[in-house]
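For reference, input31.csv (CSV, C-alpha atoms):
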chain,number,residue,atom,x,y,z
S,27,MET,CA,24.9,-16.1,-0.9
S,28,PHE,CA,22.2,-16.9,-3.4
S,29,GLN,CA,19.8,-14.5,-1.7
S,30,ASN,CA,22.4,-11.7,-1.9
S,31,ILE,CA,22.9,-12.3,-5.6
S,32,LEU,CA,19.1,-12.3,-6.1
S,33,ARG,CA,18.8,-9.0,-4.1
S,34,GLY,CA,21.5,-7.5,-6.2
S,35,ILE,CA,19.8,-8.5,-9.5
S,36,LEU,CA,16.4,-7.3,-8.3
S,37,LEU,CA,17.8,-4.0,-7.1
S,38,THR,CA,19.5,-3.4,-10.4
S,39,ALA,CA,16.4,-4.4,-12.4
S,40,ALA,CA,14.2,-2.0,-10.3
S,41,ALA,CA,16.7,0.8,-10.8
S,42,ALA,CA,16.9,0.1,-14.5
S,43,SER,CA,13.1,0.0,-14.8
S,44,THR,CA,12.9,3.4,-13.1
S,45,ALA,CA,15.6,4.8,-15.4
S,46,HIS,CA,14.0,3.4,-18.5
S,47,GLY,CA,10.6,4.9,-17.6
S,48,ILE,CA,12.2,8.3,-17.0
S,49,TYR,CA,14.2,8.0,-20.3
S,50,ARG,CA,11.1,7.2,-22.4
S,51,GLY,CA,9.2,10.2,-20.9
S,52,GLU,CA,6.8,8.7,-18.4
S,53,VAL,CA,7.4,11.3,-15.7
S,54,PRO,CA,5.7,14.2,-17.5
S,55,GLU,CA,2.8,11.8,-18.1
S,56,VAL,CA,2.6,10.9,-14.4
S,57,LEU,CA,2.6,14.6,-13.6
S,58,LEU,CA,0.0,15.4,-16.1
S,59,LYS,CA,-2.4,12.8,-14.7
S,60,ALA,CA,-1.7,13.7,-11.1
S,61,ILE,CA,-2.2,17.5,-11.4
S,62,ASN,CA,-5.7,17.0,-12.8
S,63,ILE,CA,-8.5,15.8,-10.6
S,64,CYS,CA,-9.1,12.1,-11.4
S,65,LEU,CA,-12.8,11.8,-12.1
S,66,GLU,CA,-12.9,8.1,-11.5
S,67,CYS,CA,-11.3,8.6,-8.1
S,68,ILE,CA,-14.0,10.9,-7.0
S,69,GLY,CA,-16.9,8.9,-8.4
S,70,ILE,CA,-17.8,10.9,-11.5
S,71,GLY,CA,-16.0,9.3,-14.4
N,6,MET,CA,7.0,1.7,22.9
N,7,VAL,CA,7.8,0.6,19.3
N,8,ASP,CA,4.1,0.9,18.5
N,9,LEU,CA,4.0,4.5,19.8
N,10,LYS,CA,7.0,5.4,17.7
N,11,ARG,CA,5.4,3.8,14.7
N,12,LYS,CA,2.2,5.7,15.3
N,13,LEU,CA,4.2,8.9,15.4
N,14,VAL,CA,6.0,8.1,12.1
N,15,GLN,CA,2.6,7.1,10.5
N,16,LEU,CA,1.1,10.4,11.7
N,17,ILE,CA,4.0,12.4,10.4
N,18,SER,CA,3.9,10.5,7.1
N,19,ALA,CA,0.1,11.1,6.6
N,20,VAL,CA,0.4,14.8,7.4
N,21,THR,CA,3.5,15.3,5.2
N,22,LEU,CA,2.0,13.5,2.2
N,23,ASN,CA,-1.2,15.6,2.5
N,24,SER,CA,0.4,18.9,3.5
N,25,TYR,CA,-1.0,21.1,0.8
N,26,ALA,CA,-3.3,23.2,3.0
N,27,GLY,CA,-4.3,25.4,0.1
N,28,GLY,CA,-6.2,22.5,-1.5
N,29,PHE,CA,-8.4,22.1,1.5
N,30,ALA,CA,-9.0,25.9,1.6
N,31,ARG,CA,-9.9,26.3,-2.1
N,32,GLY,CA,-11.3,22.9,-3.0
N,33,THR,CA,-8.5,22.2,-5.5
N,34,ILE,CA,-5.5,19.9,-5.7
N,35,TYR,CA,-1.8,20.6,-5.7
N,36,ARG,CA,-0.3,21.0,-9.2
N,37,GLY,CA,3.4,21.4,-8.4
N,38,PRO,CA,6.4,19.4,-9.5
N,39,LEU,CA,6.4,17.0,-6.5
N,40,LYS,CA,3.5,15.3,-8.1
N,41,GLN,CA,6.0,13.6,-10.4
N,42,VAL,CA,7.1,11.6,-7.5
N,43,CYS,CA,5.3,8.3,-6.6
N,44,VAL,CA,5.6,7.4,-2.9
N,45,PRO,CA,4.9,3.7,-2.4
N,46,VAL,CA,1.8,4.1,-0.2
N,47,LEU,CA,-1.9,4.2,-0.9
N,48,ASN,CA,-2.6,8.0,-0.9
N,49,CYS,CA,-4.9,9.4,-3.6
N,50,TYR,CA,-3.3,12.1,-5.7
N,51,SER,CA,-6.7,13.8,-6.1
N,52,CYS,CA,-6.8,14.4,-2.3
N,53,PRO,CA,-6.8,18.2,-1.9
N,54,GLY,CA,-3.8,18.0,0.3
N,55,ALA,CA,-1.8,15.4,-1.6
N,56,VAL,CA,1.7,16.6,-2.7
N,57,THR,CA,2.9,13.3,-4.3
N,58,SER,CA,1.4,10.7,-6.6
N,59,CYS,CA,-0.2,7.4,-5.8
N,60,PRO,CA,1.7,4.6,-7.5
N,61,ILE,CA,-1.4,2.5,-8.0
N,62,GLY,CA,-3.3,5.4,-9.5
N,63,SER,CA,-0.3,6.3,-11.7
N,64,LEU,CA,0.2,2.7,-12.9
N,65,GLN,CA,-3.4,2.7,-14.1
N,66,ALA,CA,-3.4,6.3,-15.4
N,67,LEU,CA,-0.5,5.5,-17.8
N,68,ALA,CA,-2.0,2.2,-18.8
N,69,THR,CA,-5.3,3.8,-19.7
N,70,GLY,CA,-3.7,6.5,-21.8
N,71,ALA,CA,-2.8,6.4,-25.5
N,72,THR,CA,1.0,6.6,-25.1
N,73,PHE,CA,2.0,3.8,-22.8
N,74,ASN,CA,0.5,0.5,-21.8
N,75,PHE,CA,2.7,0.0,-18.8
N,76,SER,CA,4.7,2.4,-16.6
N,77,PHE,CA,8.3,1.2,-16.0
N,78,TYR,CA,8.9,4.3,-13.9
N,79,VAL,CA,6.2,3.6,-11.4
N,80,ALA,CA,6.8,-0.2,-11.4
N,81,GLY,CA,10.5,0.6,-10.8
N,82,ILE,CA,9.8,2.8,-7.8
N,83,ILE,CA,7.5,0.2,-6.3
N,84,SER,CA,10.1,-2.5,-6.9
N,85,LEU,CA,12.9,-0.4,-5.5
N,86,SER,CA,10.9,0.1,-2.3
N,87,GLY,CA,10.1,-3.6,-2.2
N,88,VAL,CA,13.7,-4.8,-2.7
N,89,LEU,CA,15.0,-2.4,-0.1
N,90,ALA,CA,12.4,-2.9,2.6
N,91,GLY,CA,9.6,-5.2,1.6
N,92,ARG,CA,6.3,-4.0,3.1
N,93,PHE,CA,7.9,-1.6,5.5
N,94,SER,CA,6.0,1.3,3.8
N,95,CYS,CA,2.7,-0.5,4.6
N,96,GLY,CA,3.5,-0.7,8.3
N,97,TRP,CA,5.2,2.7,8.8
N,98,LEU,CA,4.2,5.2,6.0
N,99,CYS,CA,0.9,4.4,4.5
N,100,PRO,CA,-1.9,6.8,5.6
N,101,PHE,CA,-4.6,4.3,4.8
N,102,GLY,CA,-2.8,1.7,6.8
N,103,PHE,CA,-2.6,4.2,9.7
N,104,LEU,CA,-6.3,4.8,9.5
N,105,GLN,CA,-6.9,1.0,9.7
N,106,ASP,CA,-4.6,0.7,12.7
N,107,LEU,CA,-6.6,3.4,14.5
N,108,LEU,CA,-10.0,1.9,13.6
N,109,TYR,CA,-9.0,-1.4,15.0
N,110,ARG,CA,-8.4,0.2,18.4
N,111,ILE,CA,-12.1,1.0,18.6
N,112,PRO,CA,-14.0,-1.5,20.8
N,113,PHE,CA,-16.0,-3.7,18.4
N,114,ILE,CA,-16.6,-7.4,17.7
N,115,LYS,CA,-13.2,-8.8,16.6
N,116,PHE,CA,-13.1,-11.7,14.2
N,117,CYS,CA,-10.9,-13.5,11.8
N,118,LEU,CA,-11.0,-13.8,8.0
N,119,PRO,CA,-10.2,-17.1,6.3
N,120,LEU,CA,-6.6,-17.3,5.4
N,121,TRP,CA,-7.3,-17.8,1.7
N,122,THR,CA,-8.8,-14.3,1.5
N,123,ARG,CA,-5.2,-12.9,1.4
N,124,TYR,CA,-4.9,-14.2,-2.2
N,125,ILE,CA,-7.7,-11.9,-3.4
N,126,LYS,CA,-5.3,-8.9,-3.4
N,127,TYR,CA,-3.1,-10.5,-6.0
N,128,LEU,CA,-6.1,-11.0,-8.2
N,129,VAL,CA,-7.1,-7.3,-7.6
N,130,ALA,CA,-3.5,-6.2,-8.5
N,131,GLY,CA,-3.3,-8.3,-11.7
N,132,LEU,CA,-6.8,-7.8,-13.0
N,133,PHE,CA,-8.0,-4.3,-11.8
N,134,VAL,CA,-4.6,-2.5,-11.8
N,135,LEU,CA,-2.6,-4.1,-14.6
N,136,ALA,CA,-4.7,-6.1,-17.0
N,137,LEU,CA,-8.1,-4.4,-17.4
N,138,PRO,CA,-6.8,-0.8,-17.6
N,139,ALA,CA,-4.3,-1.7,-20.3
N,140,PHE,CA,-6.4,-4.1,-22.4
N,141,ALA,CA,-10.1,-3.4,-21.8
N,142,LEU,CA,-10.3,-0.4,-24.1
N,143,ASP,CA,-13.1,1.7,-25.5
N,144,SER,CA,-13.6,2.5,-29.2
N,145,PHE,CA,-11.1,5.4,-28.8
N,146,GLY,CA,-8.4,3.0,-27.6
N,147,LEU,CA,-8.6,4.4,-24.0
N,148,GLY,CA,-9.0,2.3,-20.9
N,149,THR,CA,-10.5,2.8,-17.5
N,150,PRO,CA,-8.6,2.8,-14.1
N,151,TYR,CA,-10.8,0.0,-12.8
N,152,PHE,CA,-9.3,-0.1,-9.3
N,153,CYS,CA,-9.5,3.7,-8.8
N,154,LYS,CA,-13.0,3.7,-10.1
N,155,TRP,CA,-14.6,0.8,-8.4
N,156,LEU,CA,-12.5,-0.4,-5.5
N,157,CYS,CA,-10.3,2.2,-4.0
N,158,PRO,CA,-11.5,3.4,-0.5
N,159,ALA,CA,-8.7,5.8,-0.2
N,160,GLY,CA,-9.9,7.8,-3.2
N,161,THR,CA,-13.4,8.1,-1.8
N,162,LEU,CA,-12.2,9.1,1.7
N,163,GLU,CA,-9.3,11.4,0.7
N,164,ALA,CA,-10.6,12.9,-2.6
N,165,ALA,CA,-14.3,12.3,-3.3
N,166,ILE,CA,-15.6,13.3,0.0
N,167,PRO,CA,-13.5,16.4,0.7
N,168,LEU,CA,-13.8,17.7,-2.9
N,169,SER,CA,-17.5,17.1,-3.1
N,170,LEU,CA,-17.9,19.0,0.2
N,171,LEU,CA,-15.6,21.9,-0.9
N,172,GLU,CA,-16.6,22.2,-4.6
N,173,PRO,CA,-20.3,22.7,-5.6
N,174,GLY,CA,-19.6,21.8,-9.2
N,175,ILE,CA,-18.3,18.4,-8.2
N,176,ARG,CA,-21.1,17.9,-5.7
N,177,GLY,CA,-23.6,18.5,-8.5
N,178,ALA,CA,-22.1,15.9,-10.8
N,179,LEU,CA,-22.1,13.0,-8.3
N,180,GLY,CA,-24.4,10.1,-9.0
N,181,ALA,CA,-24.7,6.3,-8.7
N,182,LEU,CA,-21.0,5.7,-8.9
N,183,PHE,CA,-20.4,7.9,-5.9
N,184,ALA,CA,-23.2,6.2,-4.0
N,185,TRP,CA,-21.5,2.8,-4.7
N,186,ARG,CA,-18.1,4.2,-3.6
N,187,LEU,CA,-19.5,5.5,-0.3
N,188,THR,CA,-21.2,2.2,0.4
N,189,TRP,CA,-17.9,0.3,-0.4
N,190,LEU,CA,-15.9,2.6,1.8
N,191,ALA,CA,-18.4,2.2,4.7
N,192,LEU,CA,-18.2,-1.6,4.3
N,193,ILE,CA,-14.4,-1.6,4.3
N,194,LEU,CA,-14.2,0.7,7.4
N,195,LEU,CA,-16.7,-1.5,9.2
N,196,PHE,CA,-14.5,-4.6,8.4
N,197,CYS,CA,-11.5,-2.7,9.7
N,198,LEU,CA,-13.2,-2.3,13.1
N,199,GLY,CA,-13.4,-6.1,13.4
N,200,VAL,CA,-10.3,-7.3,11.5
N,201,GLN,CA,-6.9,-5.5,11.9
N,202,ARG,CA,-5.9,-4.1,8.5
N,203,ALA,CA,-8.7,-5.8,6.7
N,204,PHE,CA,-8.1,-3.9,3.5
N,205,CYS,CA,-4.4,-4.5,3.5
N,206,ARG,CA,-4.9,-8.3,4.1
N,207,VAL,CA,-7.5,-8.8,1.4
N,208,LEU,CA,-7.6,-6.1,-1.2
N,209,CYS,CA,-4.6,-3.7,-1.3
N,210,PRO,CA,-2.9,-4.1,-4.7
N,211,LEU,CA,0.2,-2.2,-3.5
N,212,GLY,CA,0.5,-4.5,-0.6
N,213,ALA,CA,0.2,-7.4,-3.0
N,214,ILE,CA,3.0,-6.2,-5.2
N,215,LEU,CA,5.3,-5.2,-2.2
N,216,SER,CA,4.6,-8.6,-0.5
N,217,LEU,CA,6.4,-10.3,-3.4
N,218,PHE,CA,9.7,-8.8,-2.2
N,219,ASN,CA,9.3,-9.5,1.5
N,220,ARG,CA,11.3,-12.7,1.5
N,221,VAL,CA,14.2,-11.2,-0.5
N,222,SER,CA,14.3,-7.6,0.7
N,223,PHE,CA,17.4,-6.1,2.2
N,224,PHE,CA,15.4,-5.2,5.3
N,225,THR,CA,14.8,-8.5,7.2
N,226,ILE,CA,13.9,-9.8,10.6
N,227,SER,CA,16.0,-12.6,12.0
N,228,ARG,CA,16.0,-14.9,14.9
N,229,ASN,CA,18.9,-15.9,17.1
N,230,GLU,CA,18.1,-19.6,17.7
N,231,GLN,CA,20.4,-19.8,20.8
N,232,LEU,CA,18.4,-17.1,22.6
N,233,CYS,CA,14.9,-18.2,21.5
N,234,ARG,CA,12.8,-19.7,24.2
N,235,HIS,CA,10.1,-20.9,21.8
N,236,CYS,CA,7.5,-19.1,24.0
N,237,GLY,CA,5.3,-18.0,21.0
N,238,HIS,CA,5.1,-14.4,22.2
N,239,CYS,CA,6.1,-13.2,18.7
N,240,ASN,CA,3.1,-15.1,17.3
N,241,GLU,CA,0.8,-13.5,19.8
N,242,VAL,CA,1.7,-9.9,19.1
N,243,CYS,CA,1.7,-10.2,15.3
N,244,TYR,CA,-1.0,-8.1,13.7
N,245,TYR,CA,-1.9,-11.0,11.5
N,246,GLY,CA,-2.5,-13.3,14.4
N,247,PRO,CA,-1.2,-16.8,15.1
N,248,ALA,CA,-3.0,-18.2,12.1
N,249,LEU,CA,-0.4,-16.8,9.8
N,250,ALA,CA,2.0,-19.3,8.3
N,251,PRO,CA,4.8,-19.2,10.9
N,252,GLU,CA,7.6,-17.4,9.1
N,253,LEU,CA,9.3,-14.1,10.1
N,254,ASN,CA,9.6,-12.5,6.6
N,255,HIS,CA,6.2,-13.8,5.4
N,256,PRO,CA,4.6,-11.8,2.5
N,257,GLU,CA,2.0,-10.6,5.0
N,258,CYS,CA,4.6,-9.1,7.4
N,259,ILE,CA,4.3,-5.3,7.3
N,260,ARG,CA,7.5,-4.8,9.3
N,261,CYS,CA,5.7,-3.2,12.3
N,262,LEU,CA,8.5,-4.8,14.4
N,263,LYS,CA,6.2,-5.5,17.4
N,264,CYS,CA,7.6,-9.1,17.5
N,265,VAL,CA,11.2,-7.8,17.6
N,266,LYS,CA,10.6,-5.3,20.4
N,267,SER,CA,8.4,-7.5,22.5
N,268,CYS,CA,10.5,-10.7,22.4
N,269,PRO,CA,11.2,-11.4,26.1
N,270,ALA,CA,14.4,-13.2,25.2
N,271,GLY,CA,15.7,-10.6,22.8
N,272,ALA,CA,16.0,-13.3,20.2
N,273,LEU,CA,14.6,-11.3,17.3
N,274,SER,CA,16.3,-8.5,15.5
N,275,TRP,CA,15.9,-6.5,12.3
N,276,ASN,CA,18.8,-5.7,10.0
N,277,PHE,CA,19.5,-4.2,6.7
N,278,LYS,CA,22.4,-6.4,5.7
N,279,GLY,CA,20.4,-9.0,3.9
N,280,ALA,CA,22.0,-11.7,6.0
N,281,ASN,CA,18.8,-13.4,7.1
N,282,LYS,CA,18.3,-16.9,8.3
N,283,GLU,CA,15.0,-18.6,7.6
N,284,GLY,CA,13.1,-17.3,10.5
N,285,VAL,CA,10.3,-19.4,12.1
N,286,PHE,CA,7.8,-18.3,14.7
N,287,TYR,CA,7.4,-20.7,17.5
N,288,GLY,CA,4.2,-21.3,19.4
Turn the structure described in the file into structure tokens.
Amino acid sequence: MFQNILRGILLTAAAASTAHGIYRGEVPEVLLKAINICLECIGIG
Amino acid sequence: MVDLKRKLVQLISAVTLNSYAGGFARGTIYRGPLKQVCVPVLNCYSCPGAVTSCPIGSLQALATGATFNFSFYVAGIISLSGVLAGRFSCGWLCPFGFLQDLLYRIPFIKFCLPLWTRYIKYLVAGLFVLALPAFALDSFGLGTPYFCKWLCPAGTLEAAIPLSLLEPGIRGALGALFAWRLTWLALILLFCLGVQRAFCRVLCPLGAILSLFNRVSFFTISRNEQLCRHCGHCNEVCYYGPALAPELNHPECIRCLKCVKSCPAGALSWNFKGANKEGVFYG
């Protein structure tokens, strides 16, 4: 019972976190970083 | 049989997540809208074929920028995946995990790492992915994605090597950092020949974060105590080996389900109901 409540709380918190990130405009920032070659990832930066 | 099915799913996942053939043909990366989506696996978004974003790279990328110190969007996606299925994505979807599984099949000296080494990945996640990129800033207020820069073998294998081979401009700019990254990659791949999923066990920050949800996730493995013969077979087939603390939904469990499918008594099962008993391996 306790575990099911905890799961529900965590699921809600995770969904809320995702929604909050989308609401405050993180998605275009993620896209911007991801569509440009990451210099650190390839050992130049 | 479950292992063959899992290999097939892993292969499909690796190919699908890196399906932008034009990137390999032209030495560029995919720049479409799917890159907004973070899939909870270690797959570098600078791989020429990558069509989605790496959550660990994105977490650091946003932390190092001037606008945000922390990404609720990426953390939320990782947490959603964790709450729903724990480390299922490590076992079934991660391309770098798949590579490690394949490497371990190569005949080589097999050995064990001390159990305490599993805690290193939490330090890597906390320090190199979350803290340093957000707080170790330069004079312009910008940080560095420390994990991507110094420790990520997937970035070297999937992005640095193919892009340097395909693009002369990138090849010409490589220096000491690239040499370090190649050496680090070679060391990790060598370790993976001897220890199954050595990188996942010791260093993977995504595995570290997802492991926090293993005991409470909706996807669980349970044991029917009336059927269990206490033969210890589940312990023998576990990728982590019998040294692992004997618990079915342990943080190190990657949900490969070998124990479930190979239990001679059929005492183990997986479910998505969240009605799990405290499972204990016998042996």
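Minimum atom-to-atom distances from N:Ile166, N:Cys95, N:Ile34, N:Cys243 to Leu187 (chain N) were compared using all atoms listed in the file, and the lowest value belongs to N:Ile166.
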Pick from N:Glu163, N:Asp8, N:Asp106, N:Asp143: nearest to Leu22 (chain N), with all atoms listed in the file counted?
N:Glu163
With all atoms listed in the file considered, list every residue of chain N at most 6 Å from chain S, as a PDB file with C-alpha atoms, in the frame of the given file.
ATOM      1  CA  ARG N  36      -0.300  21.000  -9.200  1.00  0.00           C
ATOM      2  CA  LYS N  40       3.500  15.300  -8.100  1.00  0.00           C
ATOM      3  CA  GLN N  41       6.000  13.600 -10.400  1.00  0.00           C
ATOM      4  CA  TYR N  50      -3.300  12.100  -5.700  1.00  0.00           C
ATOM      5  CA  SER N  51      -6.700  13.800  -6.100  1.00  0.00           C
ATOM      6  CA  PHE N  77       8.300   1.200 -16.000  1.00  0.00           C
ATOM      7  CA  TYR N  78       8.900   4.300 -13.900  1.00  0.00           C
ATOM      8  CA  GLY N  81      10.500   0.600 -10.800  1.00  0.00           C
ATOM      9  CA  SER N  84      10.100  -2.500  -6.900  1.00  0.00           C
ATOM     10  CA  LEU N  85      12.900  -0.400  -5.500  1.00  0.00           C
ATOM     11  CA  CYS N 153      -9.500   3.700  -8.800  1.00  0.00           C
ATOM     12  CA  LYS N 154     -13.000   3.700 -10.100  1.00  0.00           C
ATOM     13  CA  GLY N 160      -9.900   7.800  -3.200  1.00  0.00           C
ATOM     14  CA  THR N 161     -13.400   8.100  -1.800  1.00  0.00           C
ATOM     15  CA  ALA N 164     -10.600  12.900  -2.600  1.00  0.00           C
ATOM     16  CA  ALA N 165     -14.300  12.300  -3.300  1.00  0.00           C
ATOM     17  CA  LEU N 179     -22.100  13.000  -8.300  1.00  0.00           C
ATOM     18  CA  LEU N 182     -21.000   5.700  -8.900  1.00  0.00           C
ATOM     19  CA  PHE N 183     -20.400   7.900  -5.900  1.00  0.00           C
TER      20      PHE N 183
END
Straight-line distance linking CA of Phe75 (chain N) with CA of Val129 (chain N), stated in Å to one decimal:
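One can read the CA of Phe75 (chain N) to CA of Val129 (chain N) distance as 16.6 Å.
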As a check of understanding: the span from CA of Leu198 (chain N) to CA of Leu108 (chain N) is 5.3 Å
Mind listing as a PyMOL selection string all residues within 8 Å of (3.0, 4.7, -14.0), counting only C-alpha atoms?
(chain S and resi 52+56) or (chain N and resi 60-68+75-80)
What gap, in Å, lies between CA of Gly32 (chain N) and CA of Pro53 (chain N)?
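According to the coordinates, CA of Gly32 (chain N) and CA of Pro53 (chain N) are separated by 6.6 Å.
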Neighbouring residues of region 230-239 of chain N were defined as those with any atom within 9 Å, considering all atoms listed in the file; residues of the same chain fewer than 4 positions away were excluded. Please report them as a PyMOL selection string.
chain N and resi 243+247+263-265+267-273+286-288
Could the centre and edge lengths of an axis-aligned box, enclosing all atoms of region 45-51 of chain S in the file with 5 Å extra on each side, be given in Å to one decimal as JSON?
{"center_x": 12.4, "center_y": 6.8, "center_z": -18.9, "size_x": 16.4, "size_y": 16.8, "size_z": 17.0}
Using all atoms listed in the file, pick whichever of N:Arg110, N:Arg206, N:Arg228, N:Arg11 has the shortest atom-to-atom distance to Phe93 (chain N).
N:Arg11
Because the input lacks atoms here, generate N, CA, C and O atoms for region 45-62 of chain S and report them as a compact mmCIF listing (two decimals), in the coordinates of the input.
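The resulting file, out14.txt, is reproduced below:
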# COMPACT_ATOMS: atom_id res chain seq x y z
N ALA S 45 14.82 3.99 -14.42
CA ALA S 45 15.60 4.80 -15.40
C ALA S 45 14.99 4.74 -16.77
O ALA S 45 14.87 5.75 -17.47
N HIS S 46 14.58 3.54 -17.16
CA HIS S 46 14.00 3.40 -18.50
C HIS S 46 12.68 4.18 -18.61
O HIS S 46 12.43 4.82 -19.63
N GLY S 47 11.88 4.13 -17.55
CA GLY S 47 10.60 4.90 -17.60
C GLY S 47 10.89 6.40 -17.66
O GLY S 47 10.19 7.11 -18.40
N ILE S 48 11.90 6.87 -16.93
CA ILE S 48 12.20 8.30 -17.00
C ILE S 48 12.73 8.64 -18.41
O ILE S 48 12.32 9.64 -19.00
N TYR S 49 13.58 7.76 -18.95
CA TYR S 49 14.20 8.00 -20.30
C TYR S 49 13.11 8.08 -21.37
O TYR S 49 13.20 8.90 -22.28
N ARG S 50 12.08 7.24 -21.27
CA ARG S 50 11.10 7.20 -22.40
C ARG S 50 9.93 8.23 -22.10
O ARG S 50 8.91 8.21 -22.78
N GLY S 51 10.10 9.07 -21.10
CA GLY S 51 9.20 10.20 -20.90
C GLY S 51 7.93 9.93 -20.15
O GLY S 51 6.89 10.57 -20.38
N GLU S 52 8.00 9.00 -19.20
CA GLU S 52 6.80 8.70 -18.40
C GLU S 52 6.53 9.72 -17.32
O GLU S 52 5.39 9.90 -16.90
N VAL S 53 7.59 10.38 -16.86
CA VAL S 53 7.40 11.30 -15.70
C VAL S 53 6.48 12.45 -16.00
O VAL S 53 5.57 12.72 -15.20
N PRO S 54 6.62 13.13 -17.16
CA PRO S 54 5.70 14.20 -17.50
C PRO S 54 4.22 13.67 -17.57
O PRO S 54 3.27 14.37 -17.20
N GLU S 55 4.11 12.42 -18.03
CA GLU S 55 2.80 11.80 -18.10
C GLU S 55 2.16 11.57 -16.75
O GLU S 55 0.99 11.83 -16.51
N VAL S 56 3.01 11.10 -15.82
CA VAL S 56 2.60 10.90 -14.40
C VAL S 56 2.13 12.24 -13.84
O VAL S 56 1.07 12.36 -13.22
N LEU S 57 2.95 13.26 -14.09
CA LEU S 57 2.60 14.60 -13.60
C LEU S 57 1.33 15.11 -14.13
O LEU S 57 0.46 15.62 -13.40
N LEU S 58 1.17 14.94 -15.43
CA LEU S 58 0.00 15.40 -16.10
C LEU S 58 -1.31 14.79 -15.52
O LEU S 58 -2.32 15.46 -15.29
N LYS S 59 -1.22 13.48 -15.26
CA LYS S 59 -2.40 12.80 -14.70
C LYS S 59 -2.62 13.22 -13.25
O LYS S 59 -3.77 13.34 -12.81
N ALA S 60 -1.52 13.46 -12.52
CA ALA S 60 -1.70 13.70 -11.10
C ALA S 60 -2.08 15.14 -10.76
O ALA S 60 -2.60 15.39 -9.68
N ILE S 61 -1.86 16.07 -11.68
CA ILE S 61 -2.20 17.50 -11.40
C ILE S 61 -3.64 17.80 -11.79
O ILE S 61 -4.11 18.91 -11.59
N ASN S 62 -4.30 16.83 -12.42
CA ASN S 62 -5.70 17.00 -12.80
C ASN S 62 -6.56 16.10 -11.91
O ASN S 62 -6.17 14.96 -11.65
